[in-house]
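Shown next, in C-alpha cells, is the structure this report addresses.
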Amino acid sequence: MSKTLFYLNRLCREKNFTLVAYYVNDWNAEFSPWEARDSKGNKTFSGKGVTTLKWLEEKCIPYVKYHISDEAPVYLAGYSLAGLFSIWAMYENHLIKGVACCSGSLWMDGWKEYMEKHTAKENVYVYLSLGGKEEKTSDSKMARVGDRFREQEKLLKEDSYVKDSILEWNKGGHFADSGKRLAKGITWLLSQN
C-alpha cells in the first residue's frame, strides 16, 4: 500500500479525496465471490467475498459517509484477487460508483459466465489494467486472463450503466509495478468527476 500512496501523492496533488484501506485475514477466502479451485485443482477459494461485501455495505461505507462525506462517490480499487472482488462488488452493489480492477483474477472459473449475465447496478466508471506478460504463461487457467479482460472490456462498453471504461495494457507480468498501476487506476477514477 505504501507504493500506491507514494504514486497517488504524485499523481493526485490537485485532488481532494479520502482513501480507505482495509485488511483481510485470508485473502483467498475474503475476496473470492464463490468457491473455486486454483490452477492446480486445489480448492483454495472459499467464497467469503459475500461477507466482505456485506461488511462494506453495512459498516464501512456508512461509517465513512457519516464521518467524512455523504456526497463523495465510492470507488473500489483492488489488485489481483482484490481486483476481481472489486468488479464483482460493482455488479452486486448500487453504492459503488467506480472500480479499478488491476491484474484482477478474471481467469477464475465461473467469471466468464458471471460477467455475461450481469450488468452494473448504477452508472459507474471502470478502469481495467493488465500486464502484457500475464497471459503468456504455461498455466492454462491463468493464461486465459487476457481473453477475460478483453471480453470484460467489450461487455462494459455494451453496458448502458457504464458511463466510461478503459482497458490499459502495461509492461511486465502480474507483479510489475503493482503500486503504480493501482495508483493510475485510482487517479483515472478521480478524474471522471
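Ordering of the C-alpha cells sets the chain letters (A, B, ...); residue numbers start at 1 within each chain; ligands are numbered from 1 in the order shown.
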Please provide the set of residues having any atom within 9 Å of segment 84-90 of chain A, restricted to only C-alpha atoms, with same-chain residues fewer than 5 positions apart removed, written as a VMD selection string.
-> chain A and resid 30 to 33 49 to 50 53 75 to 79 95 to 106 108 111 114 to 115 120 to 122 124 126
Which of segment 2-193 of chain A end up as strand (DSSP E or B) when DSSP is run on this backbone - answer as a short mmCIF file (atom, residue, chain, number, x, y, z; two decimals) with N, CA, C and O atoms, in the first residue's frame?
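File written: selection.cif
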data_model
loop_
_atom_site.label_atom_id
_atom_site.label_comp_id
_atom_site.auth_asym_id
_atom_site.auth_seq_id
_atom_site.Cartn_x
_atom_site.Cartn_y
_atom_site.Cartn_z
N GLU A 35 -16.84 -20.23 -4.23
CA GLU A 35 -15.83 -21.28 -4.08
C GLU A 35 -15.23 -21.61 -5.44
O GLU A 35 -15.94 -21.68 -6.44
N ALA A 36 -13.92 -21.82 -5.46
CA ALA A 36 -13.25 -22.16 -6.72
C ALA A 36 -11.93 -22.85 -6.40
O ALA A 36 -11.46 -22.84 -5.26
N ARG A 37 -11.36 -23.40 -7.43
CA ARG A 37 -10.08 -24.10 -7.30
C ARG A 37 -8.99 -23.30 -7.97
O ARG A 37 -9.23 -22.55 -8.90
N LYS A 43 -8.85 -26.66 -3.90
CA LYS A 43 -9.91 -25.72 -3.50
C LYS A 43 -9.31 -24.71 -2.52
O LYS A 43 -9.22 -24.96 -1.33
N THR A 44 -8.91 -23.59 -3.04
CA THR A 44 -8.27 -22.58 -2.20
C THR A 44 -9.09 -21.31 -2.07
O THR A 44 -8.75 -20.43 -1.30
N PHE A 45 -10.16 -21.19 -2.84
CA PHE A 45 -11.00 -20.00 -2.78
C PHE A 45 -12.34 -20.41 -2.18
O PHE A 45 -13.10 -21.15 -2.78
N SER A 46 -12.61 -19.93 -0.98
CA SER A 46 -13.79 -20.41 -0.25
C SER A 46 -15.03 -19.55 -0.40
O SER A 46 -16.07 -19.85 0.17
N VAL A 74 -18.27 6.48 -4.08
CA VAL A 74 -17.50 5.37 -3.53
C VAL A 74 -16.88 4.59 -4.69
O VAL A 74 -17.59 4.13 -5.59
N TYR A 75 -15.56 4.48 -4.65
CA TYR A 75 -14.84 3.70 -5.65
C TYR A 75 -14.13 2.55 -4.93
O TYR A 75 -13.64 2.72 -3.82
N LEU A 76 -14.06 1.41 -5.59
CA LEU A 76 -13.29 0.28 -5.07
C LEU A 76 -12.12 0.06 -6.00
O LEU A 76 -12.27 0.10 -7.23
N ALA A 77 -10.97 -0.19 -5.43
CA ALA A 77 -9.78 -0.48 -6.23
C ALA A 77 -9.10 -1.70 -5.63
O ALA A 77 -8.98 -1.81 -4.41
N GLY A 78 -8.70 -2.60 -6.50
CA GLY A 78 -8.05 -3.79 -6.00
C GLY A 78 -7.10 -4.38 -7.01
O GLY A 78 -7.24 -4.18 -8.22
N TYR A 79 -6.15 -5.13 -6.50
CA TYR A 79 -5.13 -5.76 -7.32
C TYR A 79 -5.25 -7.27 -7.16
O TYR A 79 -5.47 -7.77 -6.06
N ILE A 96 -21.47 1.46 -5.18
CA ILE A 96 -20.15 1.61 -5.80
C ILE A 96 -20.29 2.30 -7.15
O ILE A 96 -21.01 1.84 -8.04
N LYS A 97 -19.60 3.42 -7.30
CA LYS A 97 -19.72 4.25 -8.50
C LYS A 97 -18.54 4.11 -9.45
O LYS A 97 -18.55 4.67 -10.54
N GLY A 98 -17.52 3.38 -9.03
CA GLY A 98 -16.37 3.17 -9.90
C GLY A 98 -15.47 2.09 -9.37
O GLY A 98 -15.46 1.80 -8.17
N VAL A 99 -14.73 1.47 -10.29
CA VAL A 99 -13.86 0.35 -9.94
C VAL A 99 -12.54 0.47 -10.69
O VAL A 99 -12.52 0.80 -11.88
N ALA A 100 -11.46 0.18 -9.98
CA ALA A 100 -10.16 -0.02 -10.62
C ALA A 100 -9.79 -1.48 -10.37
O ALA A 100 -9.55 -1.88 -9.23
N CYS A 101 -9.83 -2.26 -11.43
CA CYS A 101 -9.52 -3.69 -11.37
C CYS A 101 -8.17 -3.89 -12.05
O CYS A 101 -8.08 -3.92 -13.26
N CYS A 102 -7.13 -3.99 -11.25
CA CYS A 102 -5.77 -4.11 -11.77
C CYS A 102 -5.28 -5.54 -11.63
O CYS A 102 -5.25 -6.08 -10.52
N VAL A 124 -21.63 3.78 -13.53
CA VAL A 124 -20.31 3.55 -12.95
C VAL A 124 -19.21 3.82 -13.97
O VAL A 124 -19.45 3.89 -15.17
N TYR A 125 -17.99 3.94 -13.45
CA TYR A 125 -16.78 4.04 -14.24
C TYR A 125 -15.92 2.82 -13.92
O TYR A 125 -15.84 2.41 -12.76
N VAL A 126 -15.26 2.26 -14.93
CA VAL A 126 -14.46 1.07 -14.71
C VAL A 126 -13.11 1.21 -15.40
O VAL A 126 -13.04 1.45 -16.61
N TYR A 127 -12.06 1.04 -14.61
CA TYR A 127 -10.68 1.05 -15.09
C TYR A 127 -10.15 -0.38 -14.98
O TYR A 127 -10.15 -0.96 -13.90
N LEU A 128 -9.72 -0.93 -16.10
CA LEU A 128 -9.11 -2.26 -16.14
C LEU A 128 -7.65 -2.12 -16.50
O LEU A 128 -7.30 -1.31 -17.37
N SER A 129 -6.81 -2.90 -15.88
CA SER A 129 -5.37 -2.84 -16.13
C SER A 129 -4.81 -4.25 -16.07
O SER A 129 -5.12 -5.02 -15.16
N LEU A 130 -3.97 -4.59 -17.06
CA LEU A 130 -3.37 -5.91 -17.09
C LEU A 130 -1.95 -5.82 -17.64
O LEU A 130 -1.68 -5.03 -18.55
N GLY A 131 -1.05 -6.61 -17.08
CA GLY A 131 0.31 -6.68 -17.58
C GLY A 131 0.36 -7.50 -18.86
O GLY A 131 -0.28 -8.55 -18.96
N VAL A 162 -22.66 1.69 -17.66
CA VAL A 162 -21.24 2.03 -17.55
C VAL A 162 -21.02 3.34 -18.29
O VAL A 162 -21.14 3.41 -19.51
N LYS A 163 -20.72 4.40 -17.52
CA LYS A 163 -20.52 5.72 -18.12
C LYS A 163 -19.26 5.78 -18.96
O LYS A 163 -19.22 6.42 -19.99
N ASP A 164 -18.20 5.12 -18.48
CA ASP A 164 -16.95 5.06 -19.23
C ASP A 164 -16.12 3.92 -18.67
O ASP A 164 -16.22 3.58 -17.49
N SER A 165 -15.33 3.34 -19.56
CA SER A 165 -14.41 2.27 -19.13
C SER A 165 -13.17 2.32 -20.01
O SER A 165 -13.20 2.85 -21.12
N ILE A 166 -12.10 1.77 -19.48
CA ILE A 166 -10.84 1.75 -20.21
C ILE A 166 -10.09 0.47 -19.82
O ILE A 166 -10.19 0.02 -18.68
N LEU A 167 -9.41 -0.10 -20.79
CA LEU A 167 -8.51 -1.23 -20.53
C LEU A 167 -7.11 -0.77 -20.89
O LEU A 167 -6.86 -0.42 -22.04
N GLU A 168 -6.25 -0.74 -19.91
CA GLU A 168 -4.87 -0.31 -20.13
C GLU A 168 -3.93 -1.50 -20.00
O GLU A 168 -3.97 -2.22 -19.01
N TRP A 169 -3.12 -1.69 -21.03
CA TRP A 169 -2.11 -2.75 -21.03
C TRP A 169 -0.80 -2.16 -20.54
O TRP A 169 -0.41 -1.06 -20.93
N ASN A 170 -0.13 -2.88 -19.68
CA ASN A 170 1.12 -2.42 -19.07
C ASN A 170 2.25 -3.38 -19.40
O ASN A 170 2.02 -4.55 -19.70
#
Suppose you want the space between atom CA of Asp147 of chain A and atom CA of Trp107 of chain A; what is it in Å?
-> 8.7 Å
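Relative to atom CA of Tyr63 of chain A, atom CA of Phe17 of chain A is found at 15.6 Å.
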Mind pulling up the distance from atom CA of Tyr66 of chain A to atom CA of Tyr161 of chain A?
-> 26.5 Å
Residues of segment 79-162 of chain A in alpha helix (DSSP H), written as a PyMOL selection string = chain A and resi 81-92+111-117+140-143+145-158
Top pick for closest residue to Ile61 of chain A, considering A:Ala29, A:Leu156, A:Leu81, A:Val20 and counting only C-alpha atoms = A:Val20
